[in-house]
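Report on the structure given below.
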Amino acid sequence: MTYYQKQVQHLRLQCFPGQTLINRLIKAKQLIDSHFTEGLKLETMAREAHMSTFRFIRLFRQCYGRTPHQYLTTVRIREARRLLQTGYSMTDACFMLGFSSVTSFSALFRKHTGQTPSAFQKKAISDKSASGFMTYLRS
Amino acid sequence: MKIRLKSLLVNDQEKALRFYTDILGFVKKTEIPMGEHRWLTVVTRDEPDGVELVLEPTAFPPAQTFQQALFEAGIPFTAFEVDNLDKEYDRLLVAGVTFSMTPTMMGPTKLAVFDDTCGNNIQIYQIM
């Protein structure tokens with residue numbers, strides 16, 4: 001067994017709950033992945049994991065490094081970026097992702113990316129043909 | 001400031017290019033001759049404008065020592081995310097890739113580690 005394999009085994013036991021609990025958390029996380037446009041409630045996620053909301057938040061954070069709400073927001077913003085990059089308007093992206101208002105969508109997007117959706121979209125289009133070392137060489 | 005490049009030390013650039021494109025499925029993005037070596041990068045097929053992996057020659061002797069120590073300890077210094085680890089593991093096994101760690105759960109993440117034939121252990125992972 002390599003040093004790394006021993007470390008993985010040790011950390012798995014030290015840092016994570018048992019596999020049964022992990023499997024329940026994975027089910028809840030997969031619910032977020034597949035239903036992130038539907039205004040998921042914390043209680044629904046916790047129910048999927050068969051846990052109280054308090055325990056669910058604590059274990060989810062322990063395993064995924066962020067709270068369920070933070071993860072849900074990450075998934076929605078990632079999808080928003082993809083939609084905007086592929087040409088959907090800010091309004092379309094907002095409602096496709098289940099946000100109730102363009103203002104709240106725009107504010108959340110800006111908080112997470114540092115740019116408004118329209119600024120992000122404009123930049124994504126102009127950046128598309130330029131990247132990496134070749135950009136450096138051309139500049 | 002943006003993260004655009006990630007360097008990976010390889011002991012043979014040509015061999016590495018073949019492994020990372022033919023076996024792993026990345027795509028060559030940039031190749032610029034630089035003396036006896038090359039500025040050589042590959043990218044993910046689906047993300048041609050994403051982070052470029054620089055296949056860096058281990059010409060600097062301390063880098064060789066570092067790379068060898070990591071390899072002998074089985075430590076992967078680079079990791080790639082996959083959508084389906086079991087499927088990728090099977091595909092790479094068929095392609096002749098050698099794994100030092102078979103698919104293993106680490107919390108909610110499934111990991112496996114293989115030899116890239118250029119001096120590195122590479123980890124693939126799937127967040128379940």
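Labels for the structure tokens follow display order: chains A, B, ..., residues from 1 in each chain, ligands from 1.
Every protein or nucleic acid residue with an atom no more than 8 Å from Trp39 of chain B, counting only C-alpha atoms and leaving out same-chain residues fewer than 5 positions away, appears here: Thr30, Glu31, Ile32, Pro33, Met34, Val54, Leu55 and Glu56 of chain B.
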Just the selected residues (N, CA and C atoms), exported as a short mmCIF file (atom, residue, chain, number, x, y, z; two decimals), in the first residue's frame, please.
```cif
data_model
loop_
_atom_site.label_atom_id
_atom_site.label_comp_id
_atom_site.auth_asym_id
_atom_site.auth_seq_id
_atom_site.Cartn_x
_atom_site.Cartn_y
_atom_site.Cartn_z
N THR B 30 -1.57 24.50 -27.82
CA THR B 30 -0.45 25.35 -28.25
C THR B 30 0.83 24.54 -28.30
N GLU B 31 1.61 24.77 -29.34
CA GLU B 31 2.92 24.12 -29.43
C GLU B 31 3.89 25.13 -30.04
N ILE B 32 4.84 25.58 -29.23
CA ILE B 32 5.81 26.57 -29.70
C ILE B 32 7.22 26.05 -29.38
N PRO B 33 8.06 25.88 -30.40
CA PRO B 33 9.42 25.41 -30.13
C PRO B 33 10.16 26.39 -29.22
N MET B 34 10.85 25.83 -28.24
CA MET B 34 11.65 26.66 -27.32
C MET B 34 12.94 25.93 -27.03
N VAL B 54 -0.09 22.71 -19.02
CA VAL B 54 1.22 22.87 -19.66
C VAL B 54 2.07 21.62 -19.38
N LEU B 55 2.47 20.94 -20.44
CA LEU B 55 3.31 19.76 -20.28
C LEU B 55 4.76 20.23 -20.22
N GLU B 56 5.23 20.41 -19.00
CA GLU B 56 6.54 21.04 -18.76
C GLU B 56 7.64 20.00 -18.68
#
```
Q: Would you please extract all strand (DSSP E) residues from chain B, as assigned by DSSP on the backbone, and give them as an NGL selection string?
A: :B and (5-10 or 27-34 or 37-43 or 52-57 or 76-81 or 99-106 or 109-115 or 121-127)
Contacts of chain B with chain A up to 7 Å, shortest pair per row, only C-alpha atoms, as a tab-separated table:
```
residue	atom	partner	partner_atom	distance
B:Arg4	CA	A:Gly132	CA	5.8
B:Asp49	CA	A:Ser131	CA	6.3
B:Ala73	CA	A:Tyr3	CA	5.1
B:Gly74	CA	A:Tyr4	CA	5.3
B:Ile75	CA	A:Tyr4	CA	5.3
B:Met106	CA	A:Arg12	CA	5.4
B:Gly107	CA	A:Phe16	CA	5.5
B:Pro108	CA	A:Ile22	CA	6.1
B:Met128	CA	A:Ile26	CA	6.0
```
Would you save the residues from that selection as a compact mmCIF listing (two decimals), in the first residue's frame, using C-alpha atoms?
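again_32.txt written:
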```
# COMPACT_ATOMS: atom_id res chain seq x y z
CA ARG B 4 -5.37 30.03 -17.29
CA ASP B 49 -11.05 28.01 -23.86
CA ALA B 73 4.81 7.74 -2.46
CA GLY B 74 1.86 7.21 -4.81
CA ILE B 75 0.87 10.87 -4.43
CA MET B 106 -13.42 9.24 0.18
CA GLY B 107 -16.48 10.80 1.77
CA PRO B 108 -18.83 11.70 -1.09
CA MET B 128 -21.11 11.98 -6.17
```
Q: Give me every alpha helix (DSSP H) residue in segment 15-118 of chain A, going by DSSP on the backbone, as JSON, numbers by chain.
A: {"A": [15, 19, 20, 21, 22, 23, 24, 25, 26, 27, 28, 29, 30, 31, 32, 33, 34, 35, 42, 43, 44, 45, 46, 47, 48, 53, 54, 55, 56, 57, 58, 59, 60, 61, 62, 63, 64, 68, 69, 70, 71, 72, 73, 74, 75, 76, 77, 78, 79, 80, 81, 82, 83, 84, 85, 90, 91, 92, 93, 94, 95, 96, 102, 103, 104, 105, 106, 107, 108, 109, 110, 111, 112, 113, 117, 118]}
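Using only C-alpha atoms, the nearest neighbour of Ala59 of chain B within the list B:Gln123, B:His37, B:Lys2, B:Lys29 is B:His37.
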Q: Between B:Ile127, B:Leu70, B:Met1, B:Ile122, single out the one closest to Val97 of chain B, counting only C-alpha atoms.
A: B:Ile122
Q: Take atom CA of Ser101 of chain A and atom CA of Gly87 of chain A and report the distance between them in Å, one decimal.
A: 19.6 Å
Q: Just give me the gap between atom CA of Asn120 of chain B and atom CA of Val10 of chain B in Å, one decimal is fine.
A: 7.4 Å
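Residue nearest Thr21 of chain B, chosen from B:Leu93, B:Lys87, B:Thr41, B:Lys110 and counting only C-alpha atoms: B:Thr41.
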Spatial neighbours of Met101 of chain B, max dist 7 Å, only C-alpha atoms, sep filter under 5 positions, as an mmCIF file with N, CA and C atoms, in the first residue's frame:
```
data_model
loop_
_atom_site.group_PDB
_atom_site.id
_atom_site.type_symbol
_atom_site.label_atom_id
_atom_site.label_comp_id
_atom_site.auth_asym_id
_atom_site.auth_seq_id
_atom_site.Cartn_x
_atom_site.Cartn_y
_atom_site.Cartn_z
ATOM 1 N N ALA B 112 -9.637 7.569 -8.060
ATOM 2 C CA ALA B 112 -8.764 6.507 -8.551
ATOM 3 C C ALA B 112 -7.473 7.192 -9.002
ATOM 4 N N VAL B 113 -6.363 6.453 -8.964
ATOM 5 C CA VAL B 113 -5.060 7.044 -9.314
ATOM 6 C C VAL B 113 -4.359 6.161 -10.337
ATOM 7 N N PHE B 114 -3.845 6.791 -11.386
ATOM 8 C CA PHE B 114 -3.129 6.026 -12.409
ATOM 9 C C PHE B 114 -1.768 6.649 -12.736
#
```
Q: Could you give me, as a PyMOL selection string, the residues within 7 Å of segment 50-52 of chain B, counting only C-alpha atoms and dropping anything in the same chain fewer than 5 positions from it?
A: chain B and resi 3-6+41-43
Would you write out those residues with N, CA and C atoms, as an mmCIF file, in the first residue's frame?
```
data_model
loop_
_atom_site.group_PDB
_atom_site.id
_atom_site.type_symbol
_atom_site.label_atom_id
_atom_site.label_comp_id
_atom_site.auth_asym_id
_atom_site.auth_seq_id
_atom_site.Cartn_x
_atom_site.Cartn_y
_atom_site.Cartn_z
ATOM 1 N N ILE B 3 -6.842 32.319 -13.651
ATOM 2 C CA ILE B 3 -6.096 31.056 -13.712
ATOM 3 C C ILE B 3 -6.317 30.471 -15.102
ATOM 4 N N ARG B 4 -5.261 30.482 -15.906
ATOM 5 C CA ARG B 4 -5.368 30.026 -17.291
ATOM 6 C C ARG B 4 -4.468 28.814 -17.569
ATOM 7 N N LEU B 5 -3.406 28.686 -16.777
ATOM 8 C CA LEU B 5 -2.418 27.641 -17.035
ATOM 9 C C LEU B 5 -2.157 26.826 -15.781
ATOM 10 N N LYS B 6 -1.987 25.519 -15.947
ATOM 11 C CA LYS B 6 -1.591 24.650 -14.832
ATOM 12 C C LYS B 6 -0.457 23.783 -15.361
ATOM 13 N N THR B 41 0.794 22.804 -24.631
ATOM 14 C CA THR B 41 -0.375 22.772 -23.749
ATOM 15 C C THR B 41 -1.497 21.934 -24.357
ATOM 16 N N VAL B 42 -2.283 21.355 -23.474
ATOM 17 C CA VAL B 42 -3.488 20.632 -23.903
ATOM 18 C C VAL B 42 -4.672 21.186 -23.121
ATOM 19 N N VAL B 43 -5.860 20.989 -23.695
ATOM 20 C CA VAL B 43 -7.091 21.450 -23.032
ATOM 21 C C VAL B 43 -8.137 20.338 -23.076
#
```
(Q) I need the residue nearest Leu24 of chain B from this list: B:Tyr125, B:Phe66, B:Phe71, B:Phe80. Use only C-alpha atoms for the distance. (A) B:Phe80
Q: With a distance cut-off of 6 Å and only C-alpha atoms, select the neighbouring residues of Asn11 of chain B, excluding the residue or stretch itself and same-chain residues fewer than 4 positions from it, and output the selection as a ChimeraX atom specification.
A: /B:57-58,118
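Atom CA of Phe26 of chain B sits 25.4 Å away from atom CA of Leu84 of chain A.
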